[in-house]
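The block underneath contains the structure these notes are about, expressed in structure tokens.
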Amino acid sequence: MTADHTAVTAVTAAPQTKTAPRPAPPPPRRRNLAPVLFLLPFFVPFVLFTLVPVGYAFYQSLLRTERTGGTFGRKTTVFAGFEQYAEVLGDPEFLGSAGRVLLFGLVQIPVMLLLALVLALLLDSTVARLKRFFRIAYFVPYGIPGVIAALMWAFLYDPRLSPIVELLDRAGAHPDFLGSSMMLWSIGNIVTWTYTGYNMLIIYAALQAIPADIYEAARMDGASEAKIAWRIKVPILRPALILTGVFSIIGTLQLFTEPQVLRSISTSVTSTYTPNLAAYSLASANNYHEAAAMSVTLALATFVLSFGFLKLTGRKAGS
């Protein structure tokens with residue numbers, strides 16, 4: 001037997017090792033479309049009814065209408081850039097209406113949210129009775145359309161018709177709810193009456209999410225109901241109060257219905273009493289481009305104030 005034959009025999013007799021098969025590549029990951037589908041019912045109306053109108057208003061605000069050949073001449077639309085914004089920011093009536101609304105918000109919003117907080121805490125207390133009835137009763141004003149509420153309060157403000165004004169006159173007080181000195185606070189009363197119950201319901205819902213064990217532990221330590229409300233409930237309600245504060249800021253800058261209704265019965269409300277009313281008056285006079293610039297300016301102011309409020313409250317919470 002030759003050496004070559006011996007080597008071949010040894011190789012064939014040796015056991016052959018099998019290589020392990022490579023693992024199959026993982027199947028491609030499918031994107032989970034569930035979050036997108038859940039968000040679509042919000043984003044589609046938001047884009048169609050918020051972003052698109054704001055974008056179109058911004059486009060219109062960059063234009064200007066010019067006439068050739070006198071008052072009854074031909075109208076042409078030309079690009080004006082930011083000229084409309086310069087006119088809006090230089091308009092003393094618009095600046096006066098913006099200052100009036102800011103003063104309104106500085107007084108009305110804290111009063112309304114304080115009332116809403118107190119009502120929510122009273123409903124959540126252990127001694128409260130008929131909670132369902134009072135919860136509905138507080139919320140009913142929000143369910144009344146704003147025009148109807150303004151007309152109802154206009155009747156109560158009118159000295160020729162109001163039984164309240166008549167009783168105050170007999171008592172020696174002679175309030176002029178529709179006068180220029182009280183008109184802003186008369187509107188504030190309507191807004192407070194309408195939206196206090198709405199904000200109360202948000203705060204009350206946040207109270208229901210607080211575990212009852214926290215209250216039991218506080219009572220075992222000897223805390224009274226007042227201390228539980230001030231030391232436990234109010235700090236936990238901070239996110240709900242911030243949310244209602246943002247909603248109130250946005251609603252204040254959009255003040256329109258109440259002054260528009262009261263304008264028909266009082267000369268104290270002018271066509272530029274609030275920024276929204278001023279923009280509406282410009283649009284009614286076919287000055288659409290300046291009205292668009294005023295609306296975009298108001299939208300930016302709303303964003304800045306709301307974002308600033310969130311940053312301020314968030315900084316205080318983190319400190």
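Residues in the structure tokens are named by chain (A, B, ... in the order shown) and by number from 1 within that chain; ligands are numbered from 1 in the order shown.
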### Task
Per DSSP on the backbone, filter stretch 48-281 of chain A down to the residues in helix (DSSP H, G or I) and report them as a ChimeraX atom specification.
/A:48-61,83-89,92-124,131-143,146-157,163-170,183-208,212-220,225-236,238-253,257-262,275-281
### Summary
With distances taken over only C-alpha atoms, the candidate from A:Leu310, A:Val147, A:Leu178, A:Val36 nearest A:Ser268 is A:Leu178
### Task
Point out the residue among A:Ile232, A:Ala171, A:Leu51, A:Leu184 with the least atom-to-atom distance to A:Asp213, counting only C-alpha atoms.
A:Ile232
### Message
With DSSP run on the backbone, what are the strand (DSSP E or B) residues within stretch 24-256 of chain A? I'd like them as a list of chain:residue names.
### Response
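In stretch 24-256 of chain A, DSSP puts these residues in strand (DSSP E or B): A:Leu63, A:Arg64, A:Thr65, A:Glu66, A:Arg67, A:Thr68, A:Arg74, A:Lys75, A:Thr76, A:Thr77, A:Val78, A:Phe79.
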Since we have the selection now, will you write its residues out, keeping N, CA, C and O atoms, as a PDB file, in the first residue's frame?
```
ATOM      1  N   LEU A  63     -50.860  91.523   0.679  1.00  0.00           N
ATOM      2  CA  LEU A  63     -51.380  92.182  -0.512  1.00  0.00           C
ATOM      3  C   LEU A  63     -52.030  93.506  -0.144  1.00  0.00           C
ATOM      4  O   LEU A  63     -52.301  93.792   1.008  1.00  0.00           O
ATOM      5  N   ARG A  64     -52.304  94.298  -1.165  1.00  0.00           N
ATOM      6  CA  ARG A  64     -52.983  95.571  -0.974  1.00  0.00           C
ATOM      7  C   ARG A  64     -53.815  95.872  -2.226  1.00  0.00           C
ATOM      8  O   ARG A  64     -53.418  95.533  -3.337  1.00  0.00           O
ATOM      9  N   THR A  65     -54.968  96.493  -2.008  1.00  0.00           N
ATOM     10  CA  THR A  65     -55.856  96.845  -3.115  1.00  0.00           C
ATOM     11  C   THR A  65     -55.647  98.307  -3.487  1.00  0.00           C
ATOM     12  O   THR A  65     -55.699  99.185  -2.610  1.00  0.00           O
ATOM     13  N   GLU A  66     -55.413  98.540  -4.744  1.00  0.00           N
ATOM     14  CA  GLU A  66     -55.246  99.905  -5.246  1.00  0.00           C
ATOM     15  C   GLU A  66     -56.287 100.188  -6.320  1.00  0.00           C
ATOM     16  O   GLU A  66     -56.745  99.282  -7.012  1.00  0.00           O
ATOM     17  N   ARG A  67     -56.642 101.453  -6.426  1.00  0.00           N
ATOM     18  CA  ARG A  67     -57.621 101.881  -7.424  1.00  0.00           C
ATOM     19  C   ARG A  67     -56.952 102.828  -8.417  1.00  0.00           C
ATOM     20  O   ARG A  67     -56.168 103.690  -8.034  1.00  0.00           O
ATOM     21  N   THR A  68     -57.290 102.655  -9.650  1.00  0.00           N
ATOM     22  CA  THR A  68     -56.824 103.558 -10.703  1.00  0.00           C
ATOM     23  C   THR A  68     -58.025 104.264 -11.317  1.00  0.00           C
ATOM     24  O   THR A  68     -59.037 103.628 -11.617  1.00  0.00           O
ATOM     25  N   ARG A  74     -60.854 101.243 -11.483  1.00  0.00           N
ATOM     26  CA  ARG A  74     -60.586  99.808 -11.481  1.00  0.00           C
ATOM     27  C   ARG A  74     -59.715  99.435 -10.289  1.00  0.00           C
ATOM     28  O   ARG A  74     -58.741 100.114  -9.984  1.00  0.00           O
ATOM     29  N   LYS A  75     -60.063  98.340  -9.645  1.00  0.00           N
ATOM     30  CA  LYS A  75     -59.299  97.852  -8.504  1.00  0.00           C
ATOM     31  C   LYS A  75     -58.268  96.828  -8.956  1.00  0.00           C
ATOM     32  O   LYS A  75     -58.579  95.937  -9.754  1.00  0.00           O
ATOM     33  N   THR A  76     -57.083  96.969  -8.411  1.00  0.00           N
ATOM     34  CA  THR A  76     -56.013  96.001  -8.674  1.00  0.00           C
ATOM     35  C   THR A  76     -55.380  95.593  -7.346  1.00  0.00           C
ATOM     36  O   THR A  76     -55.265  96.403  -6.426  1.00  0.00           O
ATOM     37  N   THR A  77     -54.995  94.343  -7.276  1.00  0.00           N
ATOM     38  CA  THR A  77     -54.342  93.808  -6.074  1.00  0.00           C
ATOM     39  C   THR A  77     -52.856  93.689  -6.329  1.00  0.00           C
ATOM     40  O   THR A  77     -52.438  93.036  -7.305  1.00  0.00           O
ATOM     41  N   VAL A  78     -52.057  94.314  -5.481  1.00  0.00           N
ATOM     42  CA  VAL A  78     -50.608  94.320  -5.652  1.00  0.00           C
ATOM     43  C   VAL A  78     -49.960  93.792  -4.380  1.00  0.00           C
ATOM     44  O   VAL A  78     -50.569  93.778  -3.302  1.00  0.00           O
ATOM     45  N   PHE A  79     -48.709  93.349  -4.529  1.00  0.00           N
ATOM     46  CA  PHE A  79     -47.952  92.863  -3.385  1.00  0.00           C
ATOM     47  C   PHE A  79     -47.458  94.051  -2.563  1.00  0.00           C
ATOM     48  O   PHE A  79     -46.857  94.989  -3.100  1.00  0.00           O
TER      49      PHE A  79
END
```
### Message
Which residues are close to stretch 284-292 of chain A, i.e. within 9 Å by only C-alpha atoms, leaving aside same-chain residues fewer than 2 positions away? Reply as a PyMOL selection string.
### Response
chain A and resi 54+56-65+84-85+87-88+278-282+294-297
Convert the current residue selection to file output with N, CA, C and O atoms, as a CSV table (one decimal), in the first residue's frame.
```
chain,number,residue,atom,x,y,z
A,54,VAL,N,-55.1,80.2,8.6
A,54,VAL,CA,-54.0,81.1,9.0
A,54,VAL,C,-53.0,81.4,7.9
A,54,VAL,O,-52.6,82.5,7.7
A,56,TYR,N,-53.6,81.2,4.7
A,56,TYR,CA,-54.3,82.0,3.6
A,56,TYR,C,-54.4,83.5,4.1
A,56,TYR,O,-54.3,84.4,3.3
A,57,ALA,N,-54.7,83.6,5.4
A,57,ALA,CA,-54.8,85.0,6.0
A,57,ALA,C,-53.5,85.7,5.9
A,57,ALA,O,-53.4,86.9,5.6
A,58,PHE,N,-52.4,85.0,6.2
A,58,PHE,CA,-51.1,85.6,6.0
A,58,PHE,C,-50.8,86.0,4.6
A,58,PHE,O,-50.2,87.0,4.4
A,59,TYR,N,-51.2,85.1,3.7
A,59,TYR,CA,-51.0,85.5,2.3
A,59,TYR,C,-51.8,86.7,1.9
A,59,TYR,O,-51.2,87.6,1.2
A,60,GLN,N,-53.0,86.8,2.3
A,60,GLN,CA,-53.8,88.0,2.0
A,60,GLN,C,-53.3,89.3,2.7
A,60,GLN,O,-53.4,90.4,2.2
A,61,SER,N,-52.6,89.1,3.8
A,61,SER,CA,-52.1,90.3,4.6
A,61,SER,C,-50.9,90.9,3.8
A,61,SER,O,-50.5,92.0,4.1
A,62,LEU,N,-50.3,90.1,2.9
A,62,LEU,CA,-49.1,90.7,2.2
A,62,LEU,C,-49.6,91.4,0.9
A,62,LEU,O,-48.7,91.9,0.2
A,63,LEU,N,-50.9,91.5,0.7
A,63,LEU,CA,-51.4,92.2,-0.5
A,63,LEU,C,-52.0,93.5,-0.1
A,63,LEU,O,-52.3,93.8,1.0
A,64,ARG,N,-52.3,94.3,-1.2
A,64,ARG,CA,-53.0,95.6,-1.0
A,64,ARG,C,-53.8,95.9,-2.2
A,64,ARG,O,-53.4,95.5,-3.3
A,65,THR,N,-55.0,96.5,-2.0
A,65,THR,CA,-55.9,96.8,-3.1
A,65,THR,C,-55.6,98.3,-3.5
A,65,THR,O,-55.7,99.2,-2.6
A,84,GLN,N,-49.0,96.3,5.5
A,84,GLN,CA,-50.3,96.2,6.3
A,84,GLN,C,-50.0,96.1,7.8
A,84,GLN,O,-50.7,96.6,8.6
A,85,TYR,N,-48.9,95.3,8.1
A,85,TYR,CA,-48.6,95.1,9.5
A,85,TYR,C,-48.1,96.4,10.1
A,85,TYR,O,-48.4,96.7,11.3
A,87,GLU,N,-49.1,99.3,9.3
A,87,GLU,CA,-50.3,100.1,9.5
A,87,GLU,C,-51.1,99.7,10.8
A,87,GLU,O,-51.6,100.5,11.5
A,88,VAL,N,-51.2,98.3,10.9
A,88,VAL,CA,-51.9,97.8,12.1
A,88,VAL,C,-51.2,98.2,13.4
A,88,VAL,O,-51.8,98.6,14.3
A,278,ALA,N,-62.4,94.9,15.8
A,278,ALA,CA,-61.8,95.8,14.9
A,278,ALA,C,-61.6,95.0,13.5
A,278,ALA,O,-61.8,95.6,12.4
A,279,ALA,N,-61.1,93.8,13.6
A,279,ALA,CA,-60.8,93.0,12.4
A,279,ALA,C,-62.1,92.8,11.6
A,279,ALA,O,-62.2,92.8,10.4
A,280,TYR,N,-63.2,92.4,12.4
A,280,TYR,CA,-64.5,92.2,11.8
A,280,TYR,C,-65.0,93.5,11.1
A,280,TYR,O,-65.6,93.4,10.0
A,281,SER,N,-64.8,94.6,11.7
A,281,SER,CA,-65.3,95.9,11.1
A,281,SER,C,-64.5,96.2,9.8
A,281,SER,O,-65.1,96.7,8.9
A,282,LEU,N,-63.2,95.9,9.8
A,282,LEU,CA,-62.5,96.1,8.6
A,282,LEU,C,-62.9,95.2,7.5
A,282,LEU,O,-63.0,95.6,6.3
A,294,MET,N,-54.4,92.2,10.7
A,294,MET,CA,-54.8,92.3,12.0
A,294,MET,C,-55.1,91.0,12.7
A,294,MET,O,-54.7,90.7,13.8
A,295,SER,N,-55.7,90.1,11.9
A,295,SER,CA,-56.0,88.7,12.5
A,295,SER,C,-54.7,87.9,12.7
A,295,SER,O,-54.6,87.2,13.7
A,296,VAL,N,-53.8,88.0,11.8
A,296,VAL,CA,-52.5,87.3,11.9
A,296,VAL,C,-51.7,87.9,13.1
A,296,VAL,O,-51.1,87.1,13.9
A,297,THR,N,-51.8,89.2,13.3
A,297,THR,CA,-51.1,89.8,14.4
A,297,THR,C,-51.7,89.3,15.7
A,297,THR,O,-51.0,89.0,16.7
```
### Task
Could you check which of A:Leu37, A:Leu106, A:Val246, A:Ile236 is closest to A:Ile214, using only C-alpha atoms?
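Using only C-alpha atoms, A:Ile214 sits closest to A:Ile236.
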### Task
Write out as a list of chain:residue names each polymer residue whose atoms come within 7 Å of A:Leu277, counting only C-alpha atoms; drop sequence neighbours fewer than 5 positions from it.
A:Phe256, A:Ser271, A:Thr272
Would you output that residue set with all heavy atoms, as an mmCIF file, in the first residue's frame?
```
data_model
loop_
_atom_site.group_PDB
_atom_site.id
_atom_site.type_symbol
_atom_site.label_atom_id
_atom_site.label_comp_id
_atom_site.auth_asym_id
_atom_site.auth_seq_id
_atom_site.Cartn_x
_atom_site.Cartn_y
_atom_site.Cartn_z
ATOM 1 N N PHE A 256 -65.343 88.612 21.340
ATOM 2 C CA PHE A 256 -66.085 89.177 20.208
ATOM 3 C C PHE A 256 -67.596 89.209 20.446
ATOM 4 O O PHE A 256 -68.235 90.238 20.252
ATOM 5 C CB PHE A 256 -65.787 88.377 18.936
ATOM 6 C CG PHE A 256 -66.588 88.829 17.747
ATOM 7 C CD1 PHE A 256 -66.234 89.963 17.045
ATOM 8 C CD2 PHE A 256 -67.697 88.111 17.323
ATOM 9 C CE1 PHE A 256 -66.971 90.393 15.954
ATOM 10 C CE2 PHE A 256 -68.439 88.519 16.240
ATOM 11 C CZ PHE A 256 -68.071 89.669 15.540
ATOM 12 N N SER A 271 -66.658 100.217 17.192
ATOM 13 C CA SER A 271 -66.318 99.183 16.216
ATOM 14 C C SER A 271 -64.922 98.633 16.425
ATOM 15 O O SER A 271 -64.568 97.604 15.846
ATOM 16 C CB SER A 271 -66.449 99.739 14.799
ATOM 17 O OG SER A 271 -65.568 100.828 14.614
ATOM 18 N N THR A 272 -64.103 99.289 17.232
ATOM 19 C CA THR A 272 -62.740 98.818 17.529
ATOM 20 C C THR A 272 -62.566 98.554 19.024
ATOM 21 O O THR A 272 -61.480 98.719 19.560
ATOM 22 C CB THR A 272 -61.705 99.854 17.055
ATOM 23 O OG1 THR A 272 -61.952 101.111 17.709
ATOM 24 C CG2 THR A 272 -61.781 100.052 15.555
#
```
#### Entry: Residue among A:Gly179, A:Gly245, A:Gly99, A:Gly308 lying closest to A:Leu262, counting only C-alpha atoms
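With only C-alpha atoms as the atom set, the closest residue is A:Gly179.
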### Query
With only C-alpha atoms as the atoms that count, which of A:Asp158, A:Leu95, A:Leu117, A:Leu201 lies nearest to A:Tyr138?
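The answer is A:Leu201, which sits nearest to A:Tyr138.
Interatomic distance, atom CA of A:Phe139 to atom CA of A:Tyr198: 5.8 Å.
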